[in-house]
>>> print(open('start.cif').read())   # mmCIF, C-alpha atoms and all ligand atoms
data_coords
loop_
_atom_site.label_atom_id
_atom_site.label_comp_id
_atom_site.auth_asym_id
_atom_site.auth_seq_id
_atom_site.Cartn_x
_atom_site.Cartn_y
_atom_site.Cartn_z
CA MET A 1457 0.00 0.00 0.00
CA ALA A 1458 1.33 3.44 -0.90
CA GLN A 1459 2.71 5.21 2.14
CA THR A 1460 3.52 8.89 1.92
CA THR A 1461 4.44 9.67 5.47
CA PHE A 1462 7.88 11.11 4.82
CA ASP A 1463 10.09 10.45 7.83
CA ALA A 1464 12.39 13.08 9.25
CA HIS A 1465 15.66 11.24 8.64
CA PRO A 1466 17.90 13.22 6.23
CA ARG A 1467 18.07 10.15 4.00
CA SER A 1468 14.34 10.58 3.22
CA SER A 1469 15.21 13.74 1.23
CA LEU A 1470 17.46 11.81 -1.15
CA ILE A 1471 15.88 10.45 -4.33
CA VAL A 1472 18.19 8.41 -6.53
CA ALA A 1473 17.36 8.44 -10.26
CA LEU A 1474 17.44 4.91 -11.67
CA ASP A 1475 18.43 5.93 -15.18
CA PHE A 1476 19.04 2.41 -16.49
CA ASP A 1477 17.84 0.67 -19.64
CA SER A 1478 17.00 -2.65 -18.00
CA LEU A 1479 15.38 -3.75 -14.78
CA SER A 1480 18.20 -6.18 -14.01
CA SER A 1481 20.85 -3.42 -14.01
CA ALA A 1482 18.54 -1.04 -12.10
CA LEU A 1483 17.83 -3.69 -9.46
CA LYS A 1484 21.48 -4.66 -9.13
CA PHE A 1485 22.39 -1.04 -8.47
CA ALA A 1486 19.37 -0.23 -6.27
CA LYS A 1487 20.12 -3.16 -3.94
CA GLN A 1488 23.53 -1.65 -3.20
CA VAL A 1489 22.16 1.64 -1.86
CA ALA A 1490 18.52 0.97 -0.88
CA ASP A 1491 19.09 1.41 2.86
CA LEU A 1492 20.78 4.79 2.32
CA VAL A 1493 18.12 6.56 0.25
CA GLY A 1494 14.54 7.77 0.70
CA MET A 1495 13.21 6.98 -2.75
CA PHE A 1496 14.16 5.71 -6.16
CA LYS A 1497 13.05 7.60 -9.24
CA ILE A 1498 11.78 5.49 -12.12
CA GLY A 1499 11.63 7.54 -15.30
CA SER A 1500 10.40 6.90 -18.82
CA GLN A 1501 13.53 4.99 -19.89
CA LEU A 1502 13.26 2.25 -17.27
CA PHE A 1503 9.45 2.24 -17.26
CA THR A 1504 9.29 1.89 -21.04
CA ALA A 1505 11.77 -0.98 -20.92
CA ALA A 1506 10.39 -2.87 -17.93
CA GLY A 1507 6.87 -1.57 -17.22
CA PRO A 1508 5.07 -1.83 -13.87
CA SER A 1509 7.36 -4.72 -12.85
CA ALA A 1510 10.06 -2.11 -12.36
CA VAL A 1511 7.91 -0.35 -9.76
CA LYS A 1512 6.96 -3.61 -8.07
CA GLU A 1513 10.48 -5.01 -7.82
CA ILE A 1514 12.21 -1.79 -6.84
CA ALA A 1515 9.51 -0.96 -4.27
CA ALA A 1516 10.07 -4.40 -2.74
CA LEU A 1517 13.51 -3.16 -1.62
CA GLY A 1518 11.69 -0.94 0.88
CA SER A 1519 12.31 2.55 -0.49
CA GLY A 1520 9.54 4.73 -1.92
CA ILE A 1521 9.13 5.31 -5.64
CA PHE A 1522 8.96 8.59 -7.55
CA LEU A 1523 7.25 7.60 -10.81
CA ASP A 1524 8.65 10.30 -13.10
CA LEU A 1525 6.53 9.87 -16.23
CA LYS A 1526 5.60 13.56 -16.68
CA TYR A 1527 2.09 13.02 -18.03
CA HIS A 1528 0.87 15.62 -20.56
CA ASP A 1529 -2.40 14.83 -22.37
CA ILE A 1530 -6.09 15.70 -22.25
CA PRO A 1531 -7.49 15.73 -18.67
CA ASN A 1532 -9.38 12.44 -19.05
CA SER A 1533 -6.31 10.54 -20.28
CA VAL A 1534 -4.03 12.00 -17.62
CA ALA A 1535 -6.59 11.21 -14.90
CA GLY A 1536 -6.64 7.59 -16.08
CA ALA A 1537 -2.85 7.33 -16.05
CA VAL A 1538 -2.58 8.94 -12.61
CA LEU A 1539 -5.27 6.62 -11.26
CA SER A 1540 -3.23 3.59 -12.37
CA ALA A 1541 0.04 5.06 -11.06
CA ALA A 1542 -1.45 5.91 -7.66
CA ALA A 1543 -2.71 2.36 -7.25
CA MET A 1544 0.82 0.91 -7.58
CA SER A 1545 2.19 -0.11 -4.25
CA GLY A 1546 5.15 1.99 -3.10
CA VAL A 1547 4.57 4.97 -5.41
CA GLN A 1548 4.95 8.14 -3.33
CA LEU A 1549 5.45 10.79 -6.01
CA ILE A 1550 3.83 11.14 -9.46
CA ASN A 1551 4.20 14.03 -11.89
CA VAL A 1552 2.51 15.86 -14.75
CA HIS A 1553 3.51 18.79 -16.98
CA ALA A 1554 2.06 22.09 -15.74
CA LEU A 1555 1.85 23.18 -19.39
CA GLY A 1556 -0.97 20.63 -19.80
CA GLY A 1557 -3.13 23.29 -18.15
CA LYS A 1558 -5.16 23.84 -15.00
CA ALA A 1559 -8.02 21.48 -15.93
CA MET A 1560 -5.52 18.69 -16.63
CA MET A 1561 -3.77 19.25 -13.30
CA GLU A 1562 -7.12 19.33 -11.45
CA ALA A 1563 -8.11 16.05 -13.07
CA ALA A 1564 -4.78 14.54 -12.00
CA ALA A 1565 -5.14 15.83 -8.43
CA GLN A 1566 -8.62 14.32 -8.16
CA ALA A 1567 -7.49 11.02 -9.64
CA ILE A 1568 -4.66 10.65 -7.18
CA SER A 1569 -7.04 10.34 -4.24
CA ALA A 1570 -9.45 8.15 -6.17
CA GLY A 1571 -6.66 5.66 -6.99
CA VAL A 1572 -5.80 4.97 -3.36
CA PRO A 1573 -7.70 2.58 -1.08
CA MET A 1574 -9.76 4.21 1.70
CA GLY A 1575 -7.68 5.10 4.72
CA ALA A 1576 -4.31 4.72 2.96
CA ASP A 1577 -1.92 7.63 2.63
CA ARG A 1578 -1.99 9.00 -0.90
CA PRO A 1579 0.98 9.64 -3.18
CA ARG A 1580 1.82 13.31 -3.76
CA LEU A 1581 1.37 14.96 -7.14
CA LEU A 1582 4.13 17.13 -8.61
CA ALA A 1583 4.17 19.38 -11.66
CA VAL A 1584 7.09 20.00 -13.97
CA THR A 1585 6.93 23.72 -14.74
CA VAL A 1586 9.42 24.39 -17.54
CA LEU A 1587 11.93 21.68 -18.49
CA THR A 1588 15.32 22.73 -17.16
CA SER A 1589 16.76 21.90 -20.58
CA MET A 1590 14.83 24.87 -22.04
CA ASP A 1591 16.41 28.31 -22.04
CA HIS A 1592 14.88 31.67 -22.97
CA LYS A 1593 15.36 31.03 -26.71
CA ALA A 1594 13.86 27.52 -26.61
CA MET A 1595 10.83 28.83 -24.75
CA LYS A 1596 10.34 31.64 -27.24
CA GLU A 1597 10.44 29.11 -30.08
CA VAL A 1598 7.39 27.37 -28.60
CA GLY A 1599 5.60 30.67 -28.03
CA ILE A 1600 6.35 31.31 -24.36
CA GLY A 1601 7.93 34.72 -23.92
CA GLY A 1602 9.26 36.44 -20.83
CA GLU A 1603 11.82 35.56 -18.21
CA PRO A 1604 11.95 31.73 -17.70
CA LYS A 1605 12.08 32.16 -13.90
CA LEU A 1606 8.87 34.22 -13.90
CA GLN A 1607 7.16 31.56 -16.00
CA VAL A 1608 8.34 28.87 -13.59
CA VAL A 1609 6.88 30.72 -10.59
CA ARG A 1610 3.65 31.52 -12.46
CA LEU A 1611 3.22 27.84 -13.43
CA ALA A 1612 4.01 26.71 -9.86
CA GLN A 1613 1.25 29.01 -8.57
CA LEU A 1614 -1.16 27.66 -11.19
CA ALA A 1615 -0.25 24.10 -10.16
CA LYS A 1616 -0.93 24.95 -6.52
CA LYS A 1617 -4.32 26.43 -7.42
CA ALA A 1618 -5.14 23.23 -9.30
CA GLY A 1619 -4.50 21.13 -6.18
CA VAL A 1620 -1.00 19.90 -7.07
CA ASP A 1621 1.26 19.23 -4.05
CA GLY A 1622 4.54 20.58 -5.40
CA VAL A 1623 6.93 21.04 -8.30
CA VAL A 1624 10.13 19.74 -9.81
CA ALA A 1625 12.42 22.75 -10.25
CA SER A 1626 16.06 23.74 -10.37
CA VAL A 1627 17.73 24.92 -7.18
CA GLN A 1628 18.03 28.39 -8.76
CA GLU A 1629 14.24 28.68 -8.81
CA ALA A 1630 13.52 27.06 -5.44
CA ARG A 1631 13.61 30.23 -3.31
CA ALA A 1632 11.21 32.15 -5.54
CA ILE A 1633 8.81 29.17 -5.63
CA ARG A 1634 8.98 28.73 -1.86
CA LYS A 1635 8.16 32.42 -1.41
CA ALA A 1636 5.27 32.35 -3.89
CA CYS A 1637 3.75 29.00 -2.92
CA GLY A 1638 4.40 28.68 0.82
CA ARG A 1639 6.05 26.27 3.23
CA ASP A 1640 3.87 23.22 2.55
CA PHE A 1641 4.39 23.17 -1.21
CA LEU A 1642 6.87 20.40 -2.09
CA ILE A 1643 9.99 21.33 -4.05
CA VAL A 1644 12.00 18.57 -5.70
CA THR A 1645 15.32 19.62 -7.23
CA PRO A 1646 17.44 17.74 -9.77
CA GLY A 1647 20.81 19.03 -11.06
CA VAL A 1648 22.47 18.29 -7.72
CA ARG A 1649 26.23 17.92 -7.86
CA PRO A 1650 28.34 17.37 -4.73
CA LYS A 1651 31.72 19.15 -4.75
CA ASP A 1652 33.62 15.97 -5.64
CA SER A 1653 31.07 14.74 -8.22
CA PRO A 1654 32.39 12.01 -10.55
CA VAL A 1655 30.50 13.64 -13.45
CA ALA A 1656 33.13 15.55 -15.42
CA PRO A 1657 31.99 19.17 -15.96
CA ALA A 1658 32.58 18.90 -19.73
CA ALA A 1659 30.36 15.81 -19.98
CA ASP A 1660 27.65 17.22 -17.73
CA ASP A 1661 24.36 18.18 -19.44
CA GLN A 1662 22.93 19.78 -16.29
CA SER A 1663 23.30 23.51 -16.87
CA ARG A 1664 21.80 24.71 -13.58
CA LYS A 1665 23.75 22.85 -10.91
CA ALA A 1666 23.98 23.17 -7.14
CA THR A 1667 25.50 21.25 -4.25
CA PRO A 1668 23.26 19.26 -1.87
CA SER A 1669 23.63 21.88 0.88
CA GLU A 1670 22.78 24.73 -1.53
CA ALA A 1671 19.65 22.81 -2.56
CA ILE A 1672 18.52 22.29 1.04
CA ARG A 1673 19.26 25.91 1.98
CA ALA A 1674 17.27 27.12 -1.05
CA GLY A 1675 14.23 25.27 0.36
CA ALA A 1676 14.26 21.93 -1.46
CA ASP A 1677 12.36 19.09 0.25
CA PHE A 1678 13.80 16.38 -1.98
CA LEU A 1679 16.98 16.14 -4.06
CA VAL A 1680 17.07 14.00 -7.20
CA VAL A 1681 20.56 12.64 -7.80
CA GLY A 1682 21.58 10.32 -10.62
CA ARG A 1683 25.10 10.11 -11.98
CA PRO A 1684 26.93 11.51 -8.93
CA ILE A 1685 25.88 8.27 -7.17
CA ILE A 1686 25.45 5.84 -10.08
CA ALA A 1687 28.80 6.70 -11.68
CA ALA A 1688 30.72 6.96 -8.41
CA PRO A 1689 33.50 4.42 -7.81
CA ASP A 1690 31.80 3.67 -4.47
CA PRO A 1691 28.05 4.41 -4.79
CA ARG A 1692 27.36 3.69 -1.10
CA ALA A 1693 30.01 6.16 0.02
CA ALA A 1694 28.71 8.76 -2.47
CA ALA A 1695 25.11 8.35 -1.23
CA GLN A 1696 26.20 8.50 2.41
CA ALA A 1697 28.23 11.67 1.78
CA ILE A 1698 25.15 13.36 0.26
CA VAL A 1699 22.95 12.27 3.19
CA ASP A 1700 25.57 13.67 5.61
CA GLU A 1701 25.62 16.95 3.67
CA ILE A 1702 21.80 17.13 3.77
CA ALA A 1703 21.87 16.50 7.52
CA ALA A 1704 24.41 19.24 8.09
CA ALA A 1705 22.43 21.76 5.99
CA LYS A 1706 19.05 21.10 7.67
O1 LIG B 1 22.41 12.16 -13.41
P1 LIG B 1 21.67 13.35 -12.89
O2 LIG B 1 21.93 13.64 -11.43
O3 LIG B 1 21.81 14.58 -13.77
O4 LIG B 1 20.15 12.89 -12.97
C1 LIG B 1 19.09 13.76 -12.71
C2 LIG B 1 17.79 13.07 -12.94
O5 LIG B 1 16.77 14.05 -12.78
C3 LIG B 1 17.59 12.47 -14.33
O6 LIG B 1 16.78 11.29 -14.16
C4 LIG B 1 16.82 13.52 -15.08
O7 LIG B 1 15.98 13.00 -16.06
C5 LIG B 1 15.99 14.13 -13.96
N1 LIG B 1 15.51 15.49 -14.18
C6 LIG B 1 16.33 16.53 -14.48
N2 LIG B 1 15.82 17.79 -14.66
C7 LIG B 1 14.52 17.98 -14.54
C8 LIG B 1 13.68 16.94 -14.20
C9 LIG B 1 14.21 15.67 -14.03
O8 LIG B 1 17.53 16.38 -14.57
N3 LIG B 1 14.03 19.19 -14.67
#
>>> encode(input="start.cif", output="structure tokens")
Amino acid sequence: MAQTTFDAHPRSSLIVALDFDSLSSALKFAKQVADLVGMFKIGSQLFTAAGPSAVKEIAALGSGIFLDLKYHDIPNSVAGAVLSAAAMSGVQLINVHALGGKAMMEAAAQAISAGVPMGADRPRLLAVTVLTSMDHKAMKEVGIGGEPKLQVVRLAQLAKKAGVDGVVASVQEARAIRKACGRDFLIVTPGVRPKDSPVAPAADDQSRKATPSEAIRAGADFLVVGRPIIAAPDPRAAAQAIVDEIAAAK
């Protein structure tokens, strides 16, 4: 049954992105660090390759699941997808694109409660505001003008109005979102790079990066970390170092 009572241990703020192309490699890696992390993130790559079995088998390790499938469709279709996702045991976070509109987000927010058995804690719904891969120029090309940061805050406020529980955003935007949307609105930040990250700067596609302590100080509730743990020579030590940094910054 989906449990969304986030405990206070610093490890519960760490979400490790399982960016693998097969369930066997994801499981092999997840088993190594499961006791050190709060959740595992299953994105479209792993879910497309392995389907709901990925959620079932990873959740069986005892950590929560962030099902990062970023739904974006008509409200009825998104509601159906969210209903199915919320019913999967272990799923604690689900997300949609805010650009799908207010009605779509409202439909998703309603579906999330409907998908959970009576009395059980429900998963939380997040919105992706603007993809962090999009800069000013890329946004203009799709018809969205103005400062990207203002658009991010505006979409976060719209998501909140629609009943969404929080957003995925870069650390650079976290403070402005926290100010606009209040203390209880969840902020999940990717692009986290510890000081001694094994990801070489030249090979790093994350353009808006921050250390774990910067993320926590900017107001993030959860940090999504992939390669700094997956590609580390000692993934357990890398995960533990991030948890220690989170603890020190809280
Ligand atoms: O390896 P790295 O730490 O960059 O992994 C970050 C994870 O967060 C990846 O799974 C990526 O898809 C995801 N993500 C992101 N930026 C967003 C949303 C999700 O990097 N805005």
>>> residues_near_ligand(input="start.cif", ligand="ligand LIG 1 (chain B)", cutoff="7 Å", atoms="only C-alpha atoms and all ligand atoms", output="ChimeraX atom specification")
/A:1473-1475,1499,1587-1588,1624-1626,1646-1648,1662,1680-1684
>>> residues_around(input="start.cif", residues="A:Leu1492", least_positions_apart="4", cutoff="9 Å", atoms="all atoms listed in the file", output="list of chain:residue names")
A:Arg1467, A:Ser1468, A:Leu1470, A:Gln1488, A:Arg1692, A:Ala1695, A:Gln1696, A:Val1699
>>> residues_around(input="start.cif", residues="A:Leu1539", least_positions_apart="2", cutoff="8 Å", atoms="all atoms listed in the file", output="list in words")
Ala1535, Gly1536, Ala1537, Ala1541, Ala1542, Ala1543, Ala1564, Ala1567, Ile1568, Ala1570 and Gly1571 of chain A
>>> closest_residue(input="start.cif", among="A:Ala1583, A:Ala1666, A:Met1574, A:Ala1506", to="A:Gly1557", atoms="only C-alpha atoms")
A:Ala1583
>>> axis_aligned_box(input="start.cif", around="stretch 1522-1528 of chain A", padding_each_side="5 Å", output="lines of an AutoDock Vina configuration file")
center_x = 4.9
center_y = 11.6
center_z = -14.1
size_x = 18.1
size_y = 18.0
size_z = 23.0
>>> residues_near_point(input="start.cif", point="(8.4, 33.5, -15.6)", cutoff="12 Å", atoms="all atoms listed in the file", output="list in words")
Thr1585, Val1586, Asp1591, His1592, Met1595, Lys1596, Ile1600, Gly1601, Gly1602, Glu1603, Pro1604, Lys1605, Leu1606, Gln1607, Val1608, Val1609, Arg1610, Leu1611, Ala1612, Gln1613, Glu1629, Ala1632 and Ile1633 of chain A
>>> residues_around(input="start.cif", residues="A:Asp1524", least_positions_apart="3", cutoff="8 Å", atoms="all atoms listed in the file", output="short mmCIF file (atom, residue, chain, number, x, y, z; two decimals) with C-alpha atoms, keeping the file's coordinate frame")
data_model
loop_
_atom_site.label_atom_id
_atom_site.label_comp_id
_atom_site.auth_asym_id
_atom_site.auth_seq_id
_atom_site.Cartn_x
_atom_site.Cartn_y
_atom_site.Cartn_z
CA LYS A 1497 13.05 7.60 -9.24
CA ILE A 1498 11.78 5.49 -12.12
CA GLY A 1499 11.63 7.54 -15.30
CA SER A 1500 10.40 6.90 -18.82
CA LEU A 1549 5.45 10.79 -6.01
CA ILE A 1550 3.83 11.14 -9.46
CA ASN A 1551 4.20 14.03 -11.89
#
>>> atom_distance(input="start.cif", atom1="atom CA of A:Ser1469", atom2="atom CA of A:Ile1643")
10.6 Å
>>> closest_residue(input="start.cif", among="A:Ser1478, A:Thr1645, A:Ser1540, A:Leu1582", to="A:Arg1664", atoms="only C-alpha atoms")
A:Thr1645
>>> closest_residue(input="start.cif", among="A:Ala1464, A:Val1493, A:Val1598, A:Ile1514", to="A:Ala1693", atoms="only C-alpha atoms")
A:Val1493
>>> residues_near_point(input="start.cif", point="(17.5, -5.5, -9.4)", cutoff="12 Å", atoms="all atoms listed in the file", output="JSON, numbers by chain")
{"A": [1474, 1476, 1477, 1478, 1479, 1480, 1481, 1482, 1483, 1484, 1485, 1486, 1487, 1488, 1489, 1490, 1502, 1506, 1509, 1510, 1511, 1512, 1513, 1514, 1515, 1516, 1517]}
>>> atom_distance(input="start.cif", atom1="atom CA of A:Lys1665", atom2="atom CA of A:Asp1700")
19.0 Å
>>> closest_residue(input="start.cif", among="A:Glu1670, A:Glu1597, A:Asp1621, A:Glu1701", to="A:Val1552", atoms="all atoms listed in the file")
A:Asp1621
